[in-house]
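Below you'll find the structure, written out as structure tokens, and then a few comments.
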Amino acid sequence: MATPRKLLVDPVVPLFYHIASRCVRRSWLCGKDKITGNNYKHRKRWLIDRIRFLGQYFAVEVHAFAIMSNHFHLIIRYDPVAHLKWTDEGVAHRWLSVCPPRTWAGEIDVEAIPEAKALLIADVKRLRHVRTQLGSMSTFMKHLKQPIARRANREDGCKGHFFEQRFYSGALLSERAIVAAMAYVDLNPIRAEIVESIEQCKDTSIAERLQVLESTPEALEEALAPLVSGLEDAEPVVKITLRAYIDVAKSIANKDLSIKRASEQLRWQQDIATMSRQQRAYGPPHLIESWLAARGMRRLEKPVSE
């Protein structure tokens, strides 16, 4: 029996999470199908654009992603109480950006937005409901996947599920666990033997970060920032610089243990490999024990390095 989401996601404490979702029957519905020959690579851009769009309005920060042929990964920071601090007007703006009024033809009705906003602010019960929705990880995933599923089904001329209904989420309890999870996600195309180096990766967050470096090389010395954030005045959590992160990713991708700090790279390899286990939480032993004890669970998780 699957663990209830309310136990997997902390209701109060902001945390990072590794999220993964698969297409139904693990079919190749987002890439080139080896059996039919149909190529659906363009759907990967649908997902990336949707992630960047929704990340502005929900109580999340998106730190990493990888869109594969039959599944996708996200690393997000989710703040379960951030929505309580937003103004009513801010909540209305966010919600109507995600779910704007539309004309009979299905186009966004820009002229109707001011009236819709006023009505929403005046309706205390409905405003409370949409505030809760904007603060929900599950609702974020619902609004991410459902439009993609409908669009893909229209393209295929069929009905039914496109993604498996339940998505995976694993809490990341330390910075090392966060960085290991990000590297695990970014290196997915290499692990799948689609490409051989991080420079060849496409449809991943590392590809976007490397592209930014072409115009702003000084970003190498800055701490990793979220790709998009819906959190207001959020304090930076990840301290590792982009240069250090790229060094970790490259050394793992190249399986390079000939460098001076070979033992440290071996630890990174082990920690990144741990992410494939899809545990309920990742971190050093004492943090895992505390996280599990608060939920009345027994330990099954393998810890990452401290």
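Each chain in the structure tokens gets a letter, A, B and so on, in the order shown; residues start at 1 in every chain, and ligands are counted from 1 in the order they appear.
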Which residues of stretch 195-240 of chain A come within 8 Å of stretch 54-71 of chain A, and what is each one's closest atom pair and distance in Å (one decimal), counting only C-alpha atoms, sorted by chain and residue number, as CSV?
```
residue,atom,partner,partner_atom,distance
A:Asp203,CA,A:Ile67,CA,5.6
A:Thr204,CA,A:Ala66,CA,4.3
A:Ser205,CA,A:Ala64,CA,5.1
A:Ile206,CA,A:Ala64,CA,7.7
A:Ala225,CA,A:His63,CA,7.2
A:Pro226,CA,A:His63,CA,4.5
A:Leu227,CA,A:His63,CA,5.5
A:Val228,CA,A:Val62,CA,5.5
A:Ser229,CA,A:Glu61,CA,4.2
A:Gly230,CA,A:Gln56,CA,4.2
A:Leu231,CA,A:Ala59,CA,5.6
```
Just-selected residues, C-alpha atoms written as a PDB file, in the first residue's frame:
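Final output, saved to selection.pdb:
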```pdb
ATOM      1  CA  ASP A 203      15.536  19.104 -21.868  1.00  0.00           C
ATOM      2  CA  THR A 204      17.281  19.327 -18.492  1.00  0.00           C
ATOM      3  CA  SER A 205      18.065  22.069 -16.003  1.00  0.00           C
ATOM      4  CA  ILE A 206      21.829  21.597 -16.482  1.00  0.00           C
ATOM      5  CA  ALA A 225      19.533  29.778  -7.638  1.00  0.00           C
ATOM      6  CA  PRO A 226      16.088  28.384  -8.467  1.00  0.00           C
ATOM      7  CA  LEU A 227      15.167  28.326 -12.137  1.00  0.00           C
ATOM      8  CA  VAL A 228      11.786  29.820 -11.286  1.00  0.00           C
ATOM      9  CA  SER A 229      10.126  30.683  -7.965  1.00  0.00           C
ATOM     10  CA  GLY A 230       6.655  31.417  -6.685  1.00  0.00           C
ATOM     11  CA  LEU A 231       7.960  32.074  -3.165  1.00  0.00           C
TER      12      LEU A 231
END
```
Of the residues A:Glu214, A:Glu289, A:Glu164, A:Glu232, which is the one nearest to A:Phe72, using only C-alpha atoms?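 Under the stated criterion, the closest residue is A:Glu164.
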Enumerate as a ChimeraX atom specification all residues of stretch 17-236 of chain A assigned to strand (DSSP E) by DSSP on the backbone, naming them with the chain letters and numbers the document uses. /A:17-22,60-67,71-78,168-172,228-229
Take the residues that were just selected and, keeping C-alpha atoms, output them as a CSV table (one decimal), in the first residue's frame.
```csv
chain,number,residue,atom,x,y,z
A,17,TYR,CA,11.5,17.2,-2.7
A,18,HIS,CA,12.5,14.9,-5.6
A,19,ILE,CA,9.4,14.4,-7.7
A,20,ALA,CA,9.0,11.9,-10.6
A,21,SER,CA,6.0,11.1,-12.8
A,22,ARG,CA,5.7,8.5,-15.5
A,60,VAL,CA,7.3,26.2,-5.0
A,61,GLU,CA,10.7,26.9,-6.3
A,62,VAL,CA,11.9,24.8,-9.2
A,63,HIS,CA,15.6,23.9,-8.9
A,64,ALA,CA,16.1,21.1,-11.4
A,65,PHE,CA,14.2,19.1,-14.0
A,66,ALA,CA,14.8,16.4,-16.6
A,67,ILE,CA,12.2,15.5,-19.2
A,71,HIS,CA,8.8,10.2,-17.5
A,72,PHE,CA,10.0,13.4,-15.9
A,73,HIS,CA,11.8,14.5,-12.8
A,74,LEU,CA,11.7,17.7,-10.7
A,75,ILE,CA,13.6,19.0,-7.7
A,76,ILE,CA,11.4,21.6,-6.0
A,77,ARG,CA,11.5,23.5,-2.8
A,78,TYR,CA,7.9,23.5,-1.4
A,168,TYR,CA,6.6,10.0,-6.5
A,169,SER,CA,7.9,12.4,-4.0
A,170,GLY,CA,10.9,12.0,-1.7
A,171,ALA,CA,11.9,14.6,0.9
A,172,LEU,CA,15.5,15.9,0.8
A,228,VAL,CA,11.8,29.8,-11.3
A,229,SER,CA,10.1,30.7,-8.0
```
Could you state the separation of atom CA of A:Gln279 and atom CA of A:His143 in Å, given to one decimal place?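 For atom CA of A:Gln279 relative to atom CA of A:His143, the distance reads 24.7 Å.
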Could you tell me how far atom CA of A:Cys23 lies from atom CA of A:Pro11, in Å and to one decimal? 27.9 Å
Calculate how many Å separate atom CA of A:Thr274 from atom CA of A:Ala180, rounding to one decimal.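 Distance between the two atoms: 8.7 Å.
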Find, counting only C-alpha atoms, the residue in A:Ala177, A:Leu47, A:Ala273, A:Ala207 that gets nearest to A:Pro189.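 Closest to A:Pro189, using only C-alpha atoms: A:Ala207.
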Excluding A:Leu7 and residues on its chain fewer than 4 positions from it, collect all residues at most 12 Å away from it, counting only C-alpha atoms, and give them as JSON, numbers by chain. {"A": [2, 3, 11, 12, 169, 170, 171, 280, 281, 291, 292, 293, 294, 295, 296, 297]}
May I have the residues within 12 Å of A:His286 as number ranges by chain, using only C-alpha atoms and disregarding those fewer than 6 positions away in the same chain? A: 173-174, 292-293, 299, 301-306
Option closest in space to A:Phe53, from A:Ser97, A:Ser138, A:Gln269, A:Ser197 [counting only C-alpha atoms]: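 Smallest distance to A:Phe53 is found for A:Ser97.
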Nearest to A:Ala82, chosen from A:Lys202, A:Lys34, A:Arg131, A:Arg209, with only C-alpha atoms counted in the distances: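 Under the stated criterion, the closest residue is A:Arg131.
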For each of A:Ile178, A:Leu134, A:Leu266, A:Ala116, take the minimum atom-to-atom distance to A:Gly283, counting only C-alpha atoms, then give the residue where this is smallest.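 Distance minimum relative to A:Gly283 lands on A:Ile178.
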